[in-house]
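Asker: Pasting start13.cif here (mmCIF, C-alpha atoms and all ligand atoms):
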```cif
data_query
#
loop_
_atom_site.label_atom_id
_atom_site.label_comp_id
_atom_site.auth_asym_id
_atom_site.auth_seq_id
_atom_site.Cartn_x
_atom_site.Cartn_y
_atom_site.Cartn_z
CA MET A 1 22.84 29.75 -3.97
CA VAL A 2 22.96 25.98 -3.91
CA PRO A 3 22.90 24.76 -0.32
CA VAL A 4 25.87 22.60 0.59
CA ARG A 5 24.84 19.35 2.22
CA SER A 6 26.84 18.31 5.24
CA SER A 7 29.05 15.28 4.63
CA ALA A 8 27.05 13.33 7.24
CA ALA A 9 23.97 13.66 5.05
CA THR A 10 25.50 12.39 1.81
CA GLY A 11 26.41 8.95 0.58
CA GLN A 12 24.25 7.10 3.08
CA THR A 13 22.97 3.70 2.04
CA LEU A 14 19.81 2.33 3.62
CA ILE A 15 17.85 -0.88 3.42
CA GLY A 16 14.09 -0.77 2.98
CA LEU A 17 12.11 -4.00 3.16
CA ASP A 18 8.46 -4.36 2.23
CA LEU A 19 7.19 -7.44 4.04
CA GLY A 20 4.04 -8.43 2.16
CA GLY A 21 1.57 -11.24 2.78
CA THR A 22 2.87 -13.22 -0.22
CA LYS A 23 6.11 -11.48 -1.28
CA MET A 24 8.99 -9.59 0.28
CA LEU A 25 10.83 -6.83 -1.58
CA GLY A 26 14.11 -5.54 -0.20
CA VAL A 27 15.94 -2.53 -1.66
CA LEU A 28 19.33 -0.91 -1.19
CA MET A 29 18.90 2.82 -1.70
CA ASP A 30 20.63 6.11 -1.08
CA GLU A 31 19.20 9.05 0.87
CA ARG A 32 17.62 10.43 -2.30
CA ALA A 33 15.64 7.18 -2.72
CA THR A 34 17.64 6.04 -5.74
CA VAL A 35 17.33 2.26 -5.66
CA GLN A 36 20.64 0.46 -6.23
CA LEU A 37 19.46 -3.09 -5.80
CA ARG A 38 16.12 -4.90 -5.52
CA VAL A 39 15.73 -8.43 -4.14
CA ARG A 40 12.41 -10.27 -4.15
CA ARG A 41 11.52 -13.42 -2.20
CA PRO A 42 8.27 -15.21 -1.43
CA THR A 43 7.05 -14.69 2.14
CA PRO A 44 6.94 -18.10 3.84
CA SER A 45 3.77 -19.22 5.57
CA GLY A 46 3.88 -20.81 9.01
CA GLY A 47 4.03 -17.81 11.32
CA GLU A 48 6.70 -16.05 13.38
CA VAL A 49 9.73 -18.34 13.00
CA PRO A 50 9.78 -18.84 9.21
CA VAL A 51 8.84 -15.19 8.56
CA CYS A 52 11.57 -13.96 10.89
CA ASP A 53 14.19 -16.29 9.37
CA ALA A 54 13.28 -15.24 5.83
CA VAL A 55 13.51 -11.53 6.75
CA LEU A 56 16.92 -11.98 8.42
CA ASP A 57 18.24 -13.96 5.42
CA LEU A 58 17.08 -11.32 2.93
CA LEU A 59 18.59 -8.52 5.03
CA ALA A 60 21.90 -10.41 5.32
CA GLU A 61 21.98 -10.72 1.54
CA LEU A 62 21.38 -6.98 1.06
CA ILE A 63 24.00 -6.05 3.67
CA ALA A 64 26.53 -8.35 1.95
CA ALA A 65 25.73 -6.79 -1.42
CA GLY A 66 26.21 -3.33 0.10
CA LYS A 67 29.60 -4.37 1.52
CA ARG A 68 30.75 -5.74 -1.84
CA ALA A 69 29.83 -2.42 -3.46
CA GLY A 70 31.72 -0.49 -0.74
CA ARG A 71 28.49 0.89 0.73
CA PRO A 72 28.16 0.35 4.47
CA ILE A 73 24.54 0.33 5.62
CA ALA A 74 23.31 3.21 7.79
CA GLY A 75 20.13 1.47 8.93
CA ILE A 76 17.34 -0.98 8.20
CA ALA A 77 13.64 -0.17 7.80
CA ILE A 78 10.80 -2.66 7.50
CA GLY A 79 7.27 -1.98 6.31
CA SER A 80 4.82 -4.61 7.52
CA PRO A 81 1.09 -5.15 7.20
CA GLY A 82 -1.00 -5.37 10.35
CA TYR A 83 -1.04 -3.58 13.67
CA ILE A 84 2.45 -2.37 14.50
CA ASP A 85 3.97 -0.79 17.60
CA SER A 86 6.72 1.27 15.95
CA GLU A 87 8.04 2.62 19.27
CA ALA A 88 8.72 -0.90 20.55
CA GLY A 89 9.53 -2.35 17.11
CA VAL A 90 6.91 -5.08 17.45
CA ILE A 91 4.44 -6.56 14.96
CA LEU A 92 1.50 -6.89 17.37
CA ASP A 93 -0.87 -8.62 14.98
CA ALA A 94 -0.51 -9.29 11.25
CA THR A 95 -3.21 -11.71 10.09
CA ASN A 96 -1.80 -11.86 6.53
CA LEU A 97 1.52 -13.09 7.90
CA SER A 98 0.05 -15.26 10.69
CA VAL A 99 2.30 -13.30 13.04
CA ARG A 100 1.54 -12.01 16.53
CA ASN A 101 3.76 -10.18 19.03
CA LEU A 102 6.95 -10.50 17.00
CA PRO A 103 9.68 -8.06 18.16
CA LEU A 104 11.15 -7.93 14.67
CA GLY A 105 12.72 -4.47 15.09
CA ALA A 106 14.78 -5.58 18.12
CA LEU A 107 15.73 -8.90 16.49
CA VAL A 108 17.00 -7.13 13.36
CA ALA A 109 18.90 -4.46 15.33
CA GLN A 110 20.48 -7.13 17.52
CA ARG A 111 21.46 -9.45 14.66
CA PHE A 112 23.08 -6.80 12.49
CA GLY A 113 24.10 -4.15 15.03
CA LEU A 114 22.34 -1.45 13.01
CA PRO A 115 19.52 1.01 13.70
CA ALA A 116 16.22 -0.59 12.70
CA VAL A 117 12.65 0.64 12.44
CA ILE A 118 9.42 -1.14 11.66
CA ILE A 119 6.33 0.69 10.46
CA GLN A 120 2.95 -0.26 9.03
CA ASP A 121 3.31 -0.57 5.24
CA VAL A 122 0.58 1.88 4.17
CA LYS A 123 1.79 4.55 6.61
CA ALA A 124 5.30 3.97 5.25
CA ALA A 125 4.10 4.44 1.68
CA ALA A 126 2.36 7.72 2.64
CA LEU A 127 5.66 9.06 4.03
CA GLY A 128 7.56 7.86 0.96
CA GLU A 129 5.11 9.49 -1.46
CA MET A 130 5.31 12.77 0.43
CA ARG A 131 9.12 12.92 0.45
CA PHE A 132 10.02 11.24 -2.83
CA GLY A 133 6.89 10.31 -4.81
CA ALA A 134 3.69 11.76 -6.23
CA ALA A 135 2.86 13.92 -3.18
CA THR A 136 6.18 15.80 -3.03
CA GLY A 137 5.53 19.27 -1.66
CA ALA A 138 2.11 18.44 -0.15
CA ARG A 139 1.64 18.84 3.61
CA TYR A 140 -1.91 17.44 3.72
CA THR A 141 -2.30 14.27 1.71
CA ALA A 142 -3.51 10.67 1.84
CA PHE A 143 -2.07 7.49 0.35
CA VAL A 144 -4.89 5.02 -0.34
CA ASN A 145 -3.68 1.46 -0.72
CA ALA A 146 -6.04 -0.61 -2.85
CA GLY A 147 -5.13 -4.26 -3.07
CA THR A 148 -5.97 -7.35 -1.02
CA GLY A 149 -7.07 -4.88 1.65
CA ILE A 150 -7.88 -1.18 1.54
CA ALA A 151 -6.28 1.27 3.97
CA VAL A 152 -5.08 4.84 4.01
CA GLY A 153 -1.94 6.55 5.29
CA LEU A 154 -2.64 10.14 6.32
CA ILE A 155 -0.17 13.02 6.29
CA MET A 156 -1.34 16.02 8.29
CA ASP A 157 0.80 19.17 8.39
CA GLY A 158 3.73 17.19 6.96
CA GLN A 159 3.53 14.53 9.69
CA LEU A 160 2.16 11.02 9.69
CA TYR A 161 -1.19 10.97 11.49
CA GLN A 162 -1.31 7.88 13.72
CA GLY A 163 -4.45 8.31 15.85
CA ALA A 164 -4.86 7.78 19.61
CA ALA A 165 -3.81 4.11 19.55
CA ASN A 166 -1.81 4.11 16.28
CA ARG A 167 -4.75 2.55 14.49
CA ALA A 168 -5.66 5.42 12.15
CA GLY A 169 -6.26 4.62 8.50
CA GLU A 170 -8.82 1.80 8.41
CA ILE A 171 -10.83 3.30 5.58
CA GLY A 172 -11.40 -0.24 4.26
CA HIS A 173 -13.81 -0.80 7.13
CA VAL A 174 -15.97 2.25 6.57
CA VAL A 175 -19.42 0.82 5.83
CA MET A 176 -20.62 1.94 2.41
CA ARG A 177 -23.62 -0.40 2.02
CA PRO A 178 -25.13 -1.58 5.33
CA ARG A 179 -26.67 -4.74 3.86
CA GLY A 180 -23.78 -5.41 1.51
CA PRO A 181 -21.42 -8.39 1.37
CA LEU A 182 -19.82 -9.72 4.54
CA CYS A 183 -16.38 -8.31 5.37
CA ASN A 184 -13.45 -10.07 7.11
CA CYS A 185 -14.04 -7.77 10.10
CA GLY A 186 -17.55 -9.15 10.67
CA GLN A 187 -19.52 -6.13 9.40
CA ARG A 188 -21.45 -6.01 6.15
CA GLY A 189 -20.78 -3.68 3.24
CA CYS A 190 -17.37 -2.31 4.24
CA LEU A 191 -15.40 -0.58 1.46
CA GLU A 192 -12.99 -3.54 1.53
CA ALA A 193 -15.84 -6.02 0.99
CA LEU A 194 -16.97 -4.01 -2.06
CA ALA A 195 -13.81 -2.77 -3.76
CA SER A 196 -10.69 -4.79 -2.77
CA GLY A 197 -9.00 -7.28 -5.11
CA PRO A 198 -10.73 -10.29 -3.50
CA ALA A 199 -14.09 -8.43 -3.63
CA ILE A 200 -13.66 -7.74 -7.36
CA ALA A 201 -12.73 -11.39 -7.97
CA ARG A 202 -15.73 -12.62 -5.97
CA GLN A 203 -18.18 -10.43 -7.89
CA ALA A 204 -16.67 -11.53 -11.21
CA ARG A 205 -16.95 -15.22 -10.26
CA SER A 206 -20.59 -14.94 -9.37
CA ALA A 207 -21.39 -12.85 -12.49
CA ALA A 208 -19.56 -15.40 -14.66
CA ALA A 209 -21.94 -18.09 -13.41
CA TRP A 210 -24.97 -16.61 -15.18
CA GLN A 211 -23.48 -14.63 -18.09
CA ARG A 212 -22.24 -17.05 -20.71
CA PRO A 213 -20.18 -16.96 -22.76
CA ASN A 214 -18.00 -14.27 -21.26
CA ALA A 215 -14.44 -13.01 -21.52
CA LEU A 216 -13.74 -13.55 -17.83
CA LEU A 217 -14.37 -17.26 -18.06
CA GLU A 218 -12.37 -17.52 -21.29
CA LEU A 219 -9.36 -15.79 -19.74
CA ALA A 220 -9.57 -18.19 -16.78
CA ASN A 221 -9.60 -21.17 -19.19
CA GLY A 222 -13.16 -22.01 -18.21
CA ALA A 223 -12.37 -22.34 -14.48
CA ARG A 224 -14.71 -19.96 -12.67
CA ASP A 225 -12.84 -20.27 -9.36
CA GLN A 226 -9.64 -19.11 -11.11
CA ILE A 227 -11.09 -15.69 -11.99
CA SER A 228 -8.91 -13.13 -10.18
CA ALA A 229 -8.83 -9.32 -10.04
CA GLU A 230 -5.97 -9.49 -12.59
CA ILE A 231 -8.21 -11.42 -14.99
CA VAL A 232 -10.99 -8.86 -14.51
CA ALA A 233 -8.46 -6.11 -15.31
CA GLU A 234 -7.31 -7.95 -18.42
CA ALA A 235 -10.89 -8.45 -19.64
CA ALA A 236 -11.60 -4.76 -18.98
CA ARG A 237 -8.54 -3.76 -21.04
CA GLN A 238 -10.02 -5.80 -23.88
CA GLY A 239 -13.22 -3.81 -23.53
CA ASP A 240 -15.35 -6.50 -21.84
CA ARG A 241 -18.47 -4.74 -20.55
CA LEU A 242 -19.05 -6.99 -17.55
CA ALA A 243 -15.44 -6.51 -16.35
CA LEU A 244 -15.68 -2.75 -16.89
CA ARG A 245 -18.92 -2.67 -14.89
CA ILE A 246 -17.37 -4.58 -11.97
CA ILE A 247 -14.30 -2.33 -11.88
CA GLY A 248 -16.49 0.75 -12.29
CA ALA A 249 -18.57 -0.27 -9.25
CA ALA A 250 -15.45 -0.85 -7.11
CA ALA A 251 -14.01 2.49 -8.26
CA HIS A 252 -17.31 4.20 -7.44
CA TYR A 253 -17.15 3.06 -3.80
CA MET A 254 -13.48 4.06 -3.59
CA GLY A 255 -14.35 7.45 -5.04
CA LEU A 256 -17.12 7.98 -2.48
CA ALA A 257 -14.71 7.16 0.35
CA ILE A 258 -12.00 9.43 -1.08
CA ALA A 259 -14.49 12.29 -1.55
CA GLY A 260 -15.36 11.90 2.14
CA LEU A 261 -11.67 12.03 3.10
CA ILE A 262 -11.14 15.20 1.07
CA ASN A 263 -14.20 16.92 2.58
CA VAL A 264 -13.23 16.01 6.15
CA LEU A 265 -9.48 16.51 5.98
CA ASP A 266 -9.04 19.37 3.47
CA LEU A 267 -6.37 17.53 1.45
CA GLN A 268 -4.08 18.90 -1.28
CA CYS A 269 -3.89 15.65 -3.25
CA VAL A 270 -4.73 11.96 -2.88
CA ILE A 271 -2.37 9.21 -4.01
CA VAL A 272 -3.78 5.81 -4.95
CA GLY A 273 -1.40 2.84 -4.91
CA GLY A 274 -1.39 -0.89 -4.26
CA GLY A 275 -1.95 -3.93 -6.46
CA LEU A 276 -5.23 -2.77 -8.02
CA THR A 277 -3.59 0.36 -9.44
CA GLN A 278 -1.77 -1.80 -11.97
CA MET A 279 -5.04 -1.21 -13.85
CA GLY A 280 -3.98 2.44 -14.21
CA ASP A 281 -6.63 4.82 -15.54
CA LEU A 282 -9.11 1.96 -15.91
CA LEU A 283 -9.47 2.25 -12.13
CA LEU A 284 -8.37 5.86 -11.57
CA ASP A 285 -10.67 7.54 -14.11
CA PRO A 286 -13.93 6.25 -12.59
CA ILE A 287 -12.53 7.07 -9.11
CA ARG A 288 -11.82 10.62 -10.34
CA SER A 289 -15.28 11.09 -11.80
CA THR A 290 -16.99 9.88 -8.61
CA VAL A 291 -14.80 12.16 -6.48
CA TYR A 292 -15.61 15.07 -8.80
CA ARG A 293 -19.31 14.40 -8.47
CA TYR A 294 -19.50 13.95 -4.70
CA VAL A 295 -16.81 16.21 -3.26
CA LEU A 296 -17.63 19.76 -2.08
CA ALA A 297 -17.59 22.17 -5.03
CA GLU A 298 -14.48 24.04 -3.84
CA TYR A 299 -12.40 20.85 -4.04
CA ARG A 300 -13.65 19.79 -7.47
CA ASP A 301 -10.71 20.82 -9.62
CA ALA A 302 -8.36 21.50 -6.74
CA VAL A 303 -7.45 18.04 -5.42
CA PRO A 304 -5.74 15.74 -7.94
CA ILE A 305 -6.14 11.96 -7.57
CA LEU A 306 -2.74 10.62 -8.61
CA PRO A 307 -1.18 7.21 -9.11
CA SER A 308 1.67 6.27 -6.77
CA GLY A 309 4.97 7.83 -7.83
CA LEU A 310 7.01 5.06 -6.20
CA GLY A 311 5.00 2.13 -7.57
CA ILE A 312 6.10 -1.28 -6.29
CA ASP A 313 8.87 0.35 -4.25
CA ALA A 314 6.42 2.49 -2.21
CA GLY A 315 6.46 0.26 0.90
CA ALA A 316 10.23 -0.30 0.93
CA ILE A 317 11.23 3.30 0.14
CA GLY A 318 8.51 4.55 2.48
CA ALA A 319 9.84 2.48 5.40
CA ALA A 320 13.34 3.83 4.70
CA THR A 321 11.84 7.35 4.68
CA ALA A 322 10.54 6.73 8.21
CA LEU A 323 14.04 5.63 9.27
CA MET A 324 15.56 8.73 7.68
CA ALA A 325 13.12 10.97 9.56
CA ASP A 326 14.01 9.07 12.75
CA ARG A 327 17.77 9.43 12.20
CA GLU A 328 17.49 12.94 10.69
CA ILE A 329 19.11 11.84 7.45
ZN ZN B 401 -14.78 -4.54 7.38
#
```
Using structure tokens, write down the structure from this file.
Ligand SMILES: [Zn+2]
Answerer:
Amino acid sequence: MVPVRSSAATGQTLIGLDLGGTKMLGVLMDERATVQLRVRRPTPSGGEVPVCDAVLDLLAELIAAGKRAGRPIAGIAIGSPGYIDSEAGVILDATNLSVRNLPLGALVAQRFGLPAVIIQDVKAAALGEMRFGAATGARYTAFVNAGTGIAVGLIMDGQLYQGAANRAGEIGHVVMRPRGPLCNCGQRGCLEALASGPAIARQARSAAAWQRPNALLELANGARDQISAEIVAEAARQGDRLALRIIGAAAHYMGLAIAGLINVLDLQCVIVGGGLTQMGDLLLDPIRSTVYRYVLAEYRDAVPILPSGLGIDAGAIGAATALMADREI
């Protein structure tokens, strides 16, 4: 028999906003995560006031669009980088946004008179992947975000695992090579200093200095300081050996970290998302082979490493998923 959904649980429209360090993505979606509208804006620099104004403007635009379409908004959810107090609705510290102690949740709720939640973006994506994305049906899973930074959102027994002080998930600062390159956190050889987008770009720039001619430099029009992770990915797609080696090394460290997660946490699957996964199997295949090699034998063919099912919408849909859990939608 097909279960009949109560009328309160159907036809709800929600706003999810992914507040990134450089871009914001806002979506209007229904309770099945079907996106009806996407709006992108650059994230302004300059700290609390410009960021807050830009968020409120984008939300106002989405609410107006919802009204025009005859869809009143049931609530607003924001995914933000940094250290977030979701209970209080405060961004405590987000270095990428130059924001500290911003009560964005309360400001949004007050301005629009709607329920509002704010949640760390990677945790949001983990929830979104579990309910609507690549981890549907899994109760023990991890969403690894690989981009400018590297972090993980953990789902344990179907619930988001937050840790004692809500700080769980800093896999980017697990030290993989004690005398390795300096990390933003002050340590040497963190996963993030070896395998993030900026780390890949940095390695490619220094390699391009002594290997000439090379595809990396050509793709950057001869400007070594313009070599980015995207350029490394492009060169790798063209079969450039140096680019493939750099990506392979980053993937190796990610694979080691993921193998450790699987061994410790007994996961059913691992989802890899974030900017670097635009490389697709170029990144995922070497991650998979490292995991296969270093994970305990019983996990070898049992724990798939999957690309994000929600893609660029993961943060926005994931934040809305947190709101839906909160409001029992
Ligand atoms: Zn670090």
Asker: Check the smallest atom-to-atom distance from each of A:Gly149, A:Gly197, A:Gly273, A:Gly172 to ligand ZN 401 (chain B) using all atoms listed in the file, then report the winner.
Answerer: A:Gly172
Asker: What separation in Å, quoted to one decimal, exists between CA of Arg293 in chain A and CA of Val270 in chain A?
Answerer: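 Distance reported for this atom pair: 15.8 Å.
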Asker: Mind pulling up the distance from CA of Asn263 in chain A to CA of Ala199 in chain A?
Answerer: 26.1 Å
Asker: Return as a count of residues only every polymer residue, whether protein, DNA or RNA, with at least one atom no more than 10 Å from an atom of ligand ZN 401 (chain B); count all atoms listed in the file.
Answerer: 22
Asker: So that I can see what lies close to Val117 in chain A, please list as a PyMOL selection string the residues with an atom at most 12 Å from it, counting only C-alpha atoms and leaving out residues fewer than 3 positions away in the same chain.
Answerer: chain A and resi 14-17+74-80+84-91+103-109+114+120-121+124+316+318-327
Asker: Rounded to one decimal in Å, what is the spacing between CA of Ile287 in chain A and CA of Thr95 in chain A?
Answerer: 28.4 Å
Asker: Can you list, as a short mmCIF file (atom, residue, chain, number, x, y, z; two decimals) with C-alpha atoms, keeping the file's coordinate frame, every protein, DNA or RNA residue that comes within 12 Å of Arg202 in chain A when you count all atoms listed in the file, leaving out same-chain residues fewer than 4 positions away?
Answerer:
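Result file follows (around38.cif):
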```
data_model
loop_
_atom_site.label_atom_id
_atom_site.label_comp_id
_atom_site.auth_asym_id
_atom_site.auth_seq_id
_atom_site.Cartn_x
_atom_site.Cartn_y
_atom_site.Cartn_z
CA PRO A 181 -21.42 -8.39 1.37
CA LEU A 182 -19.82 -9.72 4.54
CA ALA A 193 -15.84 -6.02 0.99
CA LEU A 194 -16.97 -4.01 -2.06
CA ALA A 195 -13.81 -2.77 -3.76
CA SER A 196 -10.69 -4.79 -2.77
CA GLY A 197 -9.00 -7.28 -5.11
CA PRO A 198 -10.73 -10.29 -3.50
CA SER A 206 -20.59 -14.94 -9.37
CA ALA A 207 -21.39 -12.85 -12.49
CA ALA A 208 -19.56 -15.40 -14.66
CA ALA A 209 -21.94 -18.09 -13.41
CA ARG A 224 -14.71 -19.96 -12.67
CA ASP A 225 -12.84 -20.27 -9.36
CA GLN A 226 -9.64 -19.11 -11.11
CA ILE A 227 -11.09 -15.69 -11.99
CA SER A 228 -8.91 -13.13 -10.18
CA ALA A 229 -8.83 -9.32 -10.04
CA ILE A 231 -8.21 -11.42 -14.99
CA VAL A 232 -10.99 -8.86 -14.51
CA ILE A 246 -17.37 -4.58 -11.97
CA ILE A 247 -14.30 -2.33 -11.88
CA ALA A 250 -15.45 -0.85 -7.11
#
```
Asker: Range 64-87 of chain A from the block above, N, CA, C and O atoms, as a tab-separated table (two decimals), in the first residue's frame, please?
Answerer:
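Listing of decode24.tsv after writing:
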```tsv
chain	number	residue	atom	x	y	z
A	64	ALA	N	10.65	36.61	-2.80
A	64	ALA	CA	9.79	37.29	-3.78
A	64	ALA	C	9.47	36.36	-4.95
A	64	ALA	O	8.33	36.29	-5.42
A	65	ALA	N	10.46	35.62	-5.40
A	65	ALA	CA	10.24	34.68	-6.50
A	65	ALA	C	9.25	33.60	-6.10
A	65	ALA	O	8.38	33.20	-6.87
A	66	GLY	N	9.36	33.13	-4.85
A	66	GLY	CA	8.43	32.13	-4.33
A	66	GLY	C	7.01	32.68	-4.30
A	66	GLY	O	6.06	32.00	-4.69
A	67	LYS	N	6.86	33.93	-3.85
A	67	LYS	CA	5.53	34.57	-3.80
A	67	LYS	C	4.92	34.65	-5.18
A	67	LYS	O	3.75	34.33	-5.38
A	68	ARG	N	5.74	35.11	-6.15
A	68	ARG	CA	5.24	35.25	-7.54
A	68	ARG	C	4.74	33.90	-8.07
A	68	ARG	O	3.80	33.84	-8.84
A	69	ALA	N	5.41	32.83	-7.67
A	69	ALA	CA	5.03	31.50	-8.15
A	69	ALA	C	3.93	30.87	-7.29
A	69	ALA	O	3.57	29.71	-7.47
A	70	GLY	N	3.40	31.65	-6.32
A	70	GLY	CA	2.36	31.13	-5.43
A	70	GLY	C	2.88	30.08	-4.46
A	70	GLY	O	2.15	29.18	-4.07
A	71	ARG	N	4.17	30.19	-4.09
A	71	ARG	CA	4.74	29.23	-3.15
A	71	ARG	C	5.25	29.96	-1.91
A	71	ARG	O	6.38	30.44	-1.90
A	72	PRO	N	4.44	30.04	-0.87
A	72	PRO	CA	4.94	30.66	0.36
A	72	PRO	C	6.08	29.82	0.95
A	72	PRO	O	6.08	28.59	0.82
A	73	ILE	N	7.01	30.48	1.59
A	73	ILE	CA	8.22	29.81	2.08
A	73	ILE	C	7.99	29.29	3.51
A	73	ILE	O	7.54	30.03	4.37
A	74	ALA	N	8.33	28.02	3.71
A	74	ALA	CA	8.15	27.41	5.04
A	74	ALA	C	9.32	27.67	5.98
A	74	ALA	O	9.17	27.60	7.19
A	75	GLY	N	10.49	28.00	5.42
A	75	GLY	CA	11.63	28.27	6.28
A	75	GLY	C	12.89	28.49	5.47
A	75	GLY	O	12.92	28.24	4.26
A	76	ILE	N	13.91	29.01	6.16
A	76	ILE	CA	15.17	29.36	5.50
A	76	ILE	C	16.32	28.62	6.19
A	76	ILE	O	16.38	28.59	7.42
A	77	ALA	N	17.21	28.06	5.38
A	77	ALA	CA	18.35	27.32	5.94
A	77	ALA	C	19.63	27.81	5.27
A	77	ALA	O	19.68	27.95	4.06
A	78	ILE	N	20.64	28.06	6.10
A	78	ILE	CA	21.91	28.57	5.57
A	78	ILE	C	23.03	27.61	5.94
A	78	ILE	O	23.16	27.21	7.11
A	79	GLY	N	23.83	27.24	4.96
A	79	GLY	CA	25.05	26.47	5.20
A	79	GLY	C	26.22	27.44	5.11
A	79	GLY	O	26.35	28.17	4.14
A	80	SER	N	27.05	27.43	6.14
A	80	SER	CA	28.17	28.39	6.17
A	80	SER	C	29.47	27.67	6.50
A	80	SER	O	29.45	26.71	7.28
A	81	PRO	N	30.58	28.14	5.96
A	81	PRO	CA	31.86	27.57	6.40
A	81	PRO	C	32.18	28.07	7.80
A	81	PRO	O	31.54	29.00	8.29
A	82	GLY	N	33.14	27.47	8.43
A	82	GLY	CA	33.62	27.96	9.72
A	82	GLY	C	33.04	27.21	10.90
A	82	GLY	O	32.49	26.12	10.77
A	83	TYR	N	33.18	27.85	12.05
A	83	TYR	CA	32.75	27.26	13.32
A	83	TYR	C	31.40	27.88	13.66
A	83	TYR	O	31.29	29.09	13.83
A	84	ILE	N	30.37	27.03	13.69
A	84	ILE	CA	29.00	27.52	13.79
A	84	ILE	C	28.35	27.02	15.08
A	84	ILE	O	28.51	25.85	15.43
A	85	ASP	N	27.63	27.89	15.76
A	85	ASP	CA	26.77	27.45	16.86
A	85	ASP	C	25.34	27.38	16.32
A	85	ASP	O	24.65	28.40	16.24
A	86	SER	N	24.91	26.17	15.91
A	86	SER	CA	23.60	26.02	15.28
A	86	SER	C	22.46	26.29	16.25
A	86	SER	O	21.42	26.82	15.87
A	87	GLU	N	22.66	25.92	17.53
A	87	GLU	CA	21.62	26.15	18.54
A	87	GLU	C	21.29	27.64	18.62
A	87	GLU	O	20.14	28.04	18.61
```
